[in-house]
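Asker: Here you go, this is final_11.cif (mmCIF, N, CA and C atoms).
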```cif
data_my_file
#
loop_
_atom_site.label_atom_id
_atom_site.label_comp_id
_atom_site.auth_asym_id
_atom_site.auth_seq_id
_atom_site.Cartn_x
_atom_site.Cartn_y
_atom_site.Cartn_z
N MET A 804 160.71 91.26 112.00
CA MET A 804 160.39 92.40 111.17
C MET A 804 160.39 93.67 112.01
N ILE A 805 160.97 94.67 111.47
CA ILE A 805 160.99 95.95 112.15
C ILE A 805 160.15 96.93 111.35
N THR A 806 159.24 97.61 112.05
CA THR A 806 158.43 98.63 111.39
C THR A 806 158.53 99.91 112.19
N SER A 807 158.19 100.98 111.57
CA SER A 807 158.28 102.29 112.20
C SER A 807 156.91 102.73 112.68
N CYS A 808 156.89 103.46 113.79
CA CYS A 808 155.62 104.00 114.29
C CYS A 808 155.44 105.46 113.88
N VAL A 809 156.40 106.02 113.14
CA VAL A 809 156.30 107.39 112.66
C VAL A 809 155.79 107.34 111.23
N GLY A 810 154.71 108.05 110.98
CA GLY A 810 154.09 108.02 109.67
C GLY A 810 154.52 109.18 108.78
N THR A 811 153.79 109.35 107.70
CA THR A 811 154.08 110.40 106.74
C THR A 811 153.31 111.68 107.03
N GLY A 812 152.43 111.65 108.03
CA GLY A 812 151.62 112.82 108.36
C GLY A 812 152.38 113.88 109.11
N GLN A 813 151.72 114.99 109.32
CA GLN A 813 152.30 116.09 110.07
C GLN A 813 152.11 115.82 111.56
N ARG A 814 153.09 116.19 112.36
CA ARG A 814 153.02 115.98 113.81
C ARG A 814 152.18 117.08 114.45
N ALA A 815 151.69 116.81 115.64
CA ALA A 815 150.84 117.75 116.35
C ALA A 815 151.53 119.10 116.57
N ASN A 816 152.85 119.11 116.73
CA ASN A 816 153.55 120.38 116.94
C ASN A 816 153.58 121.24 115.68
N GLN A 817 153.16 120.70 114.53
CA GLN A 817 153.08 121.47 113.29
C GLN A 817 151.67 122.04 113.07
N LEU A 818 150.78 121.80 114.01
CA LEU A 818 149.39 122.22 113.88
C LEU A 818 149.26 123.73 113.72
N SER A 819 150.11 124.49 114.39
CA SER A 819 150.01 125.95 114.31
C SER A 819 150.35 126.47 112.91
N TYR A 820 151.04 125.66 112.09
CA TYR A 820 151.40 126.06 110.73
C TYR A 820 150.37 125.63 109.70
N ALA A 821 149.40 124.81 110.12
CA ALA A 821 148.42 124.28 109.17
C ALA A 821 147.36 125.33 108.83
N SER A 822 146.96 125.34 107.58
CA SER A 822 145.90 126.23 107.14
C SER A 822 144.61 125.42 107.05
N PHE A 823 143.56 125.93 107.65
CA PHE A 823 142.27 125.25 107.62
C PHE A 823 141.30 125.96 106.68
N ASP A 824 141.84 126.66 105.71
CA ASP A 824 141.05 127.36 104.70
C ASP A 824 141.31 126.73 103.34
N PRO A 825 140.44 125.83 102.89
CA PRO A 825 140.67 125.21 101.58
C PRO A 825 140.48 126.23 100.46
N PRO A 826 141.03 125.95 99.27
CA PRO A 826 140.78 126.84 98.13
C PRO A 826 139.28 127.00 97.91
N THR A 827 138.86 128.17 97.42
CA THR A 827 137.43 128.46 97.29
C THR A 827 136.72 127.52 96.32
N ASP A 828 137.45 126.90 95.39
CA ASP A 828 136.82 125.99 94.44
C ASP A 828 136.92 124.52 94.85
N GLN A 829 137.47 124.25 96.05
CA GLN A 829 137.63 122.88 96.55
C GLN A 829 137.15 122.79 97.99
N ALA A 830 137.10 121.57 98.50
CA ALA A 830 136.80 121.32 99.91
C ALA A 830 138.06 120.76 100.57
N GLY A 831 138.21 121.00 101.85
CA GLY A 831 139.38 120.52 102.57
C GLY A 831 139.03 119.37 103.50
N LEU A 832 139.80 118.29 103.42
CA LEU A 832 139.66 117.17 104.34
C LEU A 832 140.83 117.22 105.31
N TYR A 833 140.53 117.19 106.60
CA TYR A 833 141.54 117.25 107.66
C TYR A 833 141.34 116.02 108.53
N ILE A 834 142.33 115.13 108.53
CA ILE A 834 142.19 113.83 109.17
C ILE A 834 143.28 113.68 110.21
N ALA A 835 142.89 113.49 111.48
CA ALA A 835 143.84 113.38 112.59
C ALA A 835 143.72 112.02 113.25
N ARG A 836 144.84 111.45 113.60
CA ARG A 836 144.85 110.22 114.38
C ARG A 836 145.05 110.60 115.84
N GLN A 837 144.11 110.17 116.65
CA GLN A 837 144.15 110.47 118.08
C GLN A 837 145.40 109.85 118.71
N LYS A 838 145.96 110.54 119.70
CA LYS A 838 147.09 110.00 120.46
C LYS A 838 146.54 108.91 121.38
N GLN A 839 147.01 107.68 121.20
CA GLN A 839 146.57 106.57 122.04
C GLN A 839 147.73 105.60 122.25
N TYR A 840 147.69 104.92 123.38
CA TYR A 840 148.71 103.92 123.68
C TYR A 840 148.46 102.64 122.89
N PHE A 841 147.22 102.12 122.92
CA PHE A 841 146.90 100.88 122.22
C PHE A 841 147.06 101.07 120.72
N ALA A 842 147.73 100.14 120.08
CA ALA A 842 148.01 100.15 118.64
C ALA A 842 148.81 101.39 118.23
N GLY A 843 149.47 102.02 119.18
CA GLY A 843 150.23 103.23 118.90
C GLY A 843 151.39 103.01 117.94
N GLY A 844 151.93 101.79 117.87
CA GLY A 844 153.03 101.50 116.98
C GLY A 844 152.60 101.11 115.58
N GLN A 845 151.30 101.01 115.35
CA GLN A 845 150.78 100.64 114.04
C GLN A 845 150.46 101.89 113.22
N LEU A 846 150.92 101.92 111.99
CA LEU A 846 150.58 103.03 111.10
C LEU A 846 149.24 102.75 110.44
N ILE A 847 148.45 103.79 110.27
CA ILE A 847 147.15 103.67 109.61
C ILE A 847 147.27 104.25 108.21
N LYS A 848 146.93 103.44 107.23
CA LYS A 848 146.91 103.90 105.84
C LYS A 848 145.60 104.63 105.62
N VAL A 849 145.68 105.86 105.10
CA VAL A 849 144.50 106.69 104.84
C VAL A 849 144.33 106.83 103.33
N LEU A 850 143.15 106.43 102.84
CA LEU A 850 142.85 106.53 101.41
C LEU A 850 141.64 107.43 101.21
N VAL A 851 141.75 108.34 100.26
CA VAL A 851 140.63 109.19 99.85
C VAL A 851 140.31 108.82 98.41
N ASP A 852 139.09 108.37 98.20
CA ASP A 852 138.65 107.91 96.88
C ASP A 852 139.58 106.85 96.31
N GLY A 853 140.07 105.96 97.19
CA GLY A 853 140.92 104.85 96.77
C GLY A 853 142.38 105.18 96.56
N VAL A 854 142.77 106.43 96.78
CA VAL A 854 144.16 106.85 96.60
C VAL A 854 144.78 107.13 97.98
N GLU A 855 145.91 106.49 98.25
CA GLU A 855 146.58 106.69 99.54
C GLU A 855 147.12 108.12 99.64
N ILE A 856 146.73 108.81 100.73
CA ILE A 856 147.24 110.17 100.95
C ILE A 856 148.28 110.20 102.07
N GLY A 857 148.44 109.10 102.80
CA GLY A 857 149.44 109.06 103.86
C GLY A 857 149.26 107.88 104.78
N LYS A 858 150.25 107.71 105.67
CA LYS A 858 150.21 106.70 106.73
C LYS A 858 150.43 107.45 108.03
N LEU A 859 149.43 107.38 108.90
CA LEU A 859 149.48 108.18 110.12
C LEU A 859 149.90 107.36 111.33
N GLY A 860 150.84 107.92 112.07
CA GLY A 860 151.21 107.40 113.38
C GLY A 860 150.37 108.11 114.44
N SER A 861 150.49 107.69 115.66
CA SER A 861 149.73 108.28 116.77
C SER A 861 150.04 109.77 116.89
N GLY A 862 148.99 110.61 116.92
CA GLY A 862 149.16 112.05 117.07
C GLY A 862 149.53 112.78 115.79
N GLU A 863 149.37 112.16 114.63
CA GLU A 863 149.69 112.81 113.36
C GLU A 863 148.40 113.18 112.62
N PHE A 864 148.53 114.09 111.66
CA PHE A 864 147.37 114.46 110.85
C PHE A 864 147.78 114.65 109.40
N GLU A 865 146.77 114.61 108.54
CA GLU A 865 146.99 114.77 107.10
C GLU A 865 145.89 115.66 106.55
N THR A 866 146.21 116.41 105.51
CA THR A 866 145.21 117.26 104.87
C THR A 866 145.15 116.91 103.39
N GLU A 867 143.99 117.10 102.80
CA GLU A 867 143.80 116.82 101.37
C GLU A 867 142.69 117.72 100.85
N ASN A 868 142.95 118.39 99.74
CA ASN A 868 141.91 119.18 99.07
C ASN A 868 141.26 118.31 98.00
N VAL A 869 139.93 118.37 97.94
CA VAL A 869 139.18 117.56 96.97
C VAL A 869 138.16 118.45 96.27
N SER A 870 137.69 117.99 95.13
CA SER A 870 136.64 118.71 94.41
C SER A 870 135.33 118.54 95.16
N PRO A 871 134.39 119.46 94.99
CA PRO A 871 133.08 119.30 95.63
C PRO A 871 132.39 118.05 95.09
N GLY A 872 131.63 117.39 95.96
CA GLY A 872 130.91 116.19 95.52
C GLY A 872 131.06 115.05 96.51
N ASN A 873 130.81 113.84 96.01
CA ASN A 873 130.85 112.64 96.84
C ASN A 873 132.26 112.05 96.90
N HIS A 874 132.67 111.69 98.12
CA HIS A 874 134.00 111.13 98.35
C HIS A 874 133.93 110.05 99.41
N SER A 875 134.94 109.19 99.40
CA SER A 875 135.05 108.16 100.44
C SER A 875 136.41 108.29 101.13
N ILE A 876 136.40 108.02 102.42
CA ILE A 876 137.63 107.97 103.21
C ILE A 876 137.68 106.56 103.81
N ARG A 877 138.82 105.90 103.65
CA ARG A 877 138.97 104.55 104.18
C ARG A 877 140.30 104.47 104.92
N VAL A 878 140.30 103.76 106.04
CA VAL A 878 141.53 103.55 106.80
C VAL A 878 141.72 102.06 107.04
N SER A 879 143.00 101.66 107.05
CA SER A 879 143.35 100.28 107.34
C SER A 879 144.77 100.25 107.88
N ILE A 880 145.13 99.14 108.50
CA ILE A 880 146.49 98.97 109.00
C ILE A 880 147.42 98.83 107.80
N SER A 881 148.61 99.39 107.90
CA SER A 881 149.50 99.45 106.73
C SER A 881 150.52 98.32 106.66
N ASN A 882 150.58 97.44 107.67
CA ASN A 882 151.56 96.36 107.58
C ASN A 882 151.01 95.06 108.16
N ILE A 883 151.71 93.99 107.91
CA ILE A 883 151.25 92.65 108.30
C ILE A 883 151.22 92.44 109.81
N LEU A 884 151.97 93.22 110.56
CA LEU A 884 151.99 93.07 112.01
C LEU A 884 150.66 93.48 112.65
N GLY A 885 149.80 94.14 111.89
CA GLY A 885 148.50 94.57 112.40
C GLY A 885 147.37 93.63 112.05
N ILE A 886 147.68 92.38 111.74
CA ILE A 886 146.63 91.41 111.39
C ILE A 886 145.64 91.33 112.55
N GLY A 887 144.37 91.38 112.23
CA GLY A 887 143.32 91.31 113.25
C GLY A 887 142.81 92.68 113.68
N ILE A 888 143.47 93.73 113.24
CA ILE A 888 143.00 95.08 113.54
C ILE A 888 142.20 95.57 112.34
N GLY A 889 140.95 95.90 112.57
CA GLY A 889 140.06 96.30 111.49
C GLY A 889 140.16 97.77 111.15
N GLY A 890 139.63 98.10 110.00
CA GLY A 890 139.59 99.48 109.53
C GLY A 890 138.17 99.99 109.46
N ASP A 891 137.98 101.10 108.78
CA ASP A 891 136.67 101.73 108.69
C ASP A 891 136.62 102.54 107.40
N SER A 892 135.42 102.91 106.99
CA SER A 892 135.26 103.80 105.84
C SER A 892 134.01 104.64 106.04
N VAL A 893 134.04 105.84 105.46
CA VAL A 893 132.89 106.74 105.49
C VAL A 893 132.74 107.37 104.12
N SER A 894 131.52 107.74 103.79
CA SER A 894 131.23 108.48 102.57
C SER A 894 130.75 109.86 102.97
N ILE A 895 131.20 110.88 102.24
CA ILE A 895 130.81 112.25 102.55
C ILE A 895 130.50 112.99 101.26
N THR A 896 129.71 114.03 101.38
CA THR A 896 129.44 114.94 100.28
C THR A 896 129.99 116.30 100.68
N THR A 897 130.92 116.81 99.89
CA THR A 897 131.59 118.07 100.23
C THR A 897 131.08 119.22 99.38
N GLU A 898 131.28 120.43 99.92
CA GLU A 898 130.90 121.65 99.22
C GLU A 898 132.12 122.55 99.05
N LYS A 899 132.08 123.40 98.04
CA LYS A 899 133.18 124.33 97.75
C LYS A 899 133.52 125.19 98.97
N GLY A 900 134.82 125.32 99.23
CA GLY A 900 135.30 126.23 100.26
C GLY A 900 135.10 125.80 101.69
N LYS A 901 134.54 124.59 101.91
CA LYS A 901 134.28 124.15 103.29
C LYS A 901 135.32 123.14 103.76
N PRO A 902 135.69 123.24 105.06
CA PRO A 902 136.59 122.25 105.65
C PRO A 902 135.77 121.13 106.32
N TYR A 903 136.32 119.93 106.30
CA TYR A 903 135.69 118.77 106.94
C TYR A 903 136.75 118.09 107.80
N PHE A 904 136.43 117.88 109.06
CA PHE A 904 137.39 117.38 110.04
C PHE A 904 137.01 115.97 110.50
N PHE A 905 138.03 115.10 110.62
CA PHE A 905 137.81 113.71 111.02
C PHE A 905 138.86 113.28 112.03
N ILE A 906 138.43 112.40 112.94
CA ILE A 906 139.33 111.81 113.93
C ILE A 906 139.37 110.31 113.70
N LEU A 907 140.58 109.75 113.70
CA LEU A 907 140.77 108.31 113.64
C LEU A 907 141.10 107.84 115.05
N ARG A 908 140.35 106.84 115.50
CA ARG A 908 140.51 106.37 116.87
C ARG A 908 140.54 104.87 116.89
N TYR A 909 141.38 104.30 117.73
CA TYR A 909 141.44 102.85 117.90
C TYR A 909 140.52 102.45 119.05
N ASP A 910 139.62 101.51 118.77
CA ASP A 910 138.72 100.98 119.79
C ASP A 910 139.08 99.52 120.05
N GLN A 911 139.52 99.23 121.27
CA GLN A 911 139.93 97.87 121.65
C GLN A 911 138.72 97.07 122.11
N GLY A 912 138.57 95.88 121.55
CA GLY A 912 137.52 94.96 121.97
C GLY A 912 138.11 93.80 122.75
N LEU A 913 137.31 92.79 123.03
CA LEU A 913 137.76 91.64 123.81
C LEU A 913 138.80 90.82 123.05
N PHE A 914 138.57 90.56 121.77
CA PHE A 914 139.47 89.72 120.99
C PHE A 914 140.22 90.47 119.89
N GLY A 915 140.09 91.74 119.82
CA GLY A 915 140.75 92.53 118.79
C GLY A 915 140.23 93.95 118.84
N GLY A 916 140.61 94.69 117.86
CA GLY A 916 140.16 96.08 117.83
C GLY A 916 140.02 96.56 116.41
N LYS A 917 139.59 97.80 116.29
CA LYS A 917 139.46 98.40 114.96
C LYS A 917 139.61 99.90 115.06
N PHE A 918 140.00 100.49 113.96
CA PHE A 918 140.06 101.93 113.85
C PHE A 918 138.74 102.45 113.32
N THR A 919 138.26 103.54 113.89
CA THR A 919 137.02 104.15 113.43
C THR A 919 137.29 105.59 112.97
N ILE A 920 136.44 106.05 112.06
CA ILE A 920 136.51 107.42 111.54
C ILE A 920 135.30 108.16 112.06
N THR A 921 135.52 109.29 112.71
CA THR A 921 134.43 110.08 113.25
C THR A 921 134.57 111.52 112.76
N GLU A 922 133.49 112.06 112.20
CA GLU A 922 133.52 113.47 111.79
C GLU A 922 133.42 114.34 113.04
N THR A 923 134.11 115.46 113.03
CA THR A 923 134.17 116.33 114.20
C THR A 923 134.22 117.79 113.74
N SER A 924 134.38 118.68 114.70
CA SER A 924 134.53 120.11 114.43
C SER A 924 136.03 120.46 114.40
N LYS A 925 136.34 121.68 114.03
CA LYS A 925 137.73 122.14 114.04
C LYS A 925 138.30 122.06 115.46
N SER A 926 137.52 122.46 116.44
CA SER A 926 138.02 122.42 117.82
C SER A 926 138.22 120.98 118.29
N GLY A 927 137.35 120.07 117.88
CA GLY A 927 137.52 118.67 118.23
C GLY A 927 138.76 118.09 117.58
N PHE A 928 139.03 118.50 116.35
CA PHE A 928 140.20 118.07 115.61
C PHE A 928 141.48 118.51 116.33
N THR A 929 141.56 119.79 116.66
CA THR A 929 142.77 120.31 117.30
C THR A 929 142.92 119.76 118.72
N LYS A 930 141.82 119.49 119.38
CA LYS A 930 141.88 118.98 120.76
C LYS A 930 142.54 117.60 120.83
N VAL A 931 142.25 116.70 119.87
CA VAL A 931 142.84 115.36 119.93
C VAL A 931 144.33 115.37 119.63
N LEU A 932 144.82 116.44 119.02
CA LEU A 932 146.25 116.52 118.71
C LEU A 932 147.06 117.23 119.79
N ASN A 933 146.38 117.89 120.72
CA ASN A 933 147.11 118.60 121.80
C ASN A 933 147.20 117.77 123.05
#
```
Output the structure of this file as structure tokens.
Answerer:
Amino acid sequence: MITSCVGTGQRANQLSYASFDPPTDQAGLYIARQKQYFAGGQLIKVLVDGVEIGKLGSGEFETENVSPGNHSIRVSISNILGIGIGGDSVSITTEKGKPYFFILRYDQGLFGGKFTITETSKSGFTKVLN
């Protein structure tokens, strides 16, 4: 089986074109996958409120505007070659006009690994992509 390590997200070199100002009546979710060697060829499926918004490769990011309120973000491996690699989920409460930044990181353990979601600042978000 052949799979691609390039996802549907925006590449780090497109970061300068990204707007981090969500519409005033919505909240902005900004989700970046950290550049890492381990599991670098695996795409991560990103779901917001159960709806897939993209598949991220290493060093890619995705943005999504959502209504204010309670939301969930879930990540998992997008293909069968990633069996044994775990995902993660977080719940957040958003407010109108505010941006929320997240980093997806692969943590390798002794017998396997998992992707984790960590909330961060705008500078933390841009730092993992540079």
Asker: Leaving out Gly900 of chain A and any residue of its chain fewer than 6 positions from it, which residues lie within 5 Å of it when counting only N, CA and C atoms, given as an MDAnalysis selection string?
Answerer: chainID A and resid 826:830
Asker: Quick check, in Å to one decimal: how far apart do atom C of Gln845 of chain A and atom CA of Leu832 of chain A lie?
Answerer: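 Distance reported for this atom pair: 20.7 Å.
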Asker: Can you list what the PyMOL selection byres (((chain A and resi 898 and name CA) around 7) and name CA) grabs from this structure, as an MDAnalysis selection string?
Answerer: chainID A and resid 830 871:872 896:897 899:901
Asker: Just the residues within 7 Å of Ile906 of chain A, please, counting all atoms listed in the file, with nothing from its chain fewer than 5 positions along; format it as a ChimeraX atom specification.
Answerer: /A:833-837,919-923,928
Asker: Could you save the residues just selected, with N, CA and C atoms, as a CSV table (one decimal), in the frame of the given file?
Answerer:
```
chain,number,residue,atom,x,y,z
A,833,TYR,N,140.5,117.2,106.6
A,833,TYR,CA,141.5,117.2,107.7
A,833,TYR,C,141.3,116.0,108.5
A,834,ILE,N,142.3,115.1,108.5
A,834,ILE,CA,142.2,113.8,109.2
A,834,ILE,C,143.3,113.7,110.2
A,835,ALA,N,142.9,113.5,111.5
A,835,ALA,CA,143.8,113.4,112.6
A,835,ALA,C,143.7,112.0,113.2
A,836,ARG,N,144.8,111.4,113.6
A,836,ARG,CA,144.8,110.2,114.4
A,836,ARG,C,145.0,110.6,115.8
A,837,GLN,N,144.1,110.2,116.6
A,837,GLN,CA,144.2,110.5,118.1
A,837,GLN,C,145.4,109.8,118.7
A,919,THR,N,138.3,103.5,113.9
A,919,THR,CA,137.0,104.2,113.4
A,919,THR,C,137.3,105.6,113.0
A,920,ILE,N,136.4,106.0,112.1
A,920,ILE,CA,136.5,107.4,111.5
A,920,ILE,C,135.3,108.2,112.1
A,921,THR,N,135.5,109.3,112.7
A,921,THR,CA,134.4,110.1,113.2
A,921,THR,C,134.6,111.5,112.8
A,922,GLU,N,133.5,112.1,112.2
A,922,GLU,CA,133.5,113.5,111.8
A,922,GLU,C,133.4,114.3,113.0
A,923,THR,N,134.1,115.5,113.0
A,923,THR,CA,134.2,116.3,114.2
A,923,THR,C,134.2,117.8,113.7
A,928,PHE,N,139.0,118.5,116.4
A,928,PHE,CA,140.2,118.1,115.6
A,928,PHE,C,141.5,118.5,116.3
```
Asker: Where does the PyMOL selection byres (((chain A and resi 853 and name CA) around 10) and name CA) land in this file, that is, which residues does it pick, as a PyMOL selection string?
Answerer: chain A and resi 849-852+854-856+874-877
Asker: So which one's closest to Gly890 of chain A, A:Pro825, A:Gly857, A:Gly831, A:Gly916? Using only C-alpha atoms, please.
Answerer: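 Distance minimum relative to Gly890 of chain A lands on A:Gly916.
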Asker: For Val869 of chain A, which of A:Leu932, A:Gln911, A:Pro902, A:Lys917 is the closest residue, counting only C-alpha atoms?
Answerer: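 Ranking A:Leu932, A:Gln911, A:Pro902, A:Lys917 by distance to Val869 of chain A, first place goes to A:Pro902.
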Asker: Rank A:Ser926, A:Asn933, A:Ser894, A:Ser879 by their smallest atom-to-atom distance to Lys838 of chain A, using only N, CA and C atoms, and report the top residue only.
Answerer: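 Comparing A:Ser926, A:Asn933, A:Ser894, A:Ser879 against Lys838 of chain A, the winner is A:Asn933.
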Asker: Atom CA of Asn873 of chain A and atom CA of Gly927 of chain A, how far apart in Å?
Answerer: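 Interatomic distance here is 23.2 Å.
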Asker: Atom CA of Phe864 of chain A and atom CA of Asp910 of chain A are how many Å apart?
Answerer: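 Taking atom CA of Phe864 of chain A as the start and atom CA of Asp910 of chain A as the end point, the length is 18.3 Å.
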Asker: Measuring between all atoms listed in the file, which one of A:Ala821, A:Ile880, A:Val893, A:Leu846 shows the shortest distance to Leu859 of chain A?
Answerer: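 With all atoms listed in the file as the atom set, the closest residue is A:Leu846.
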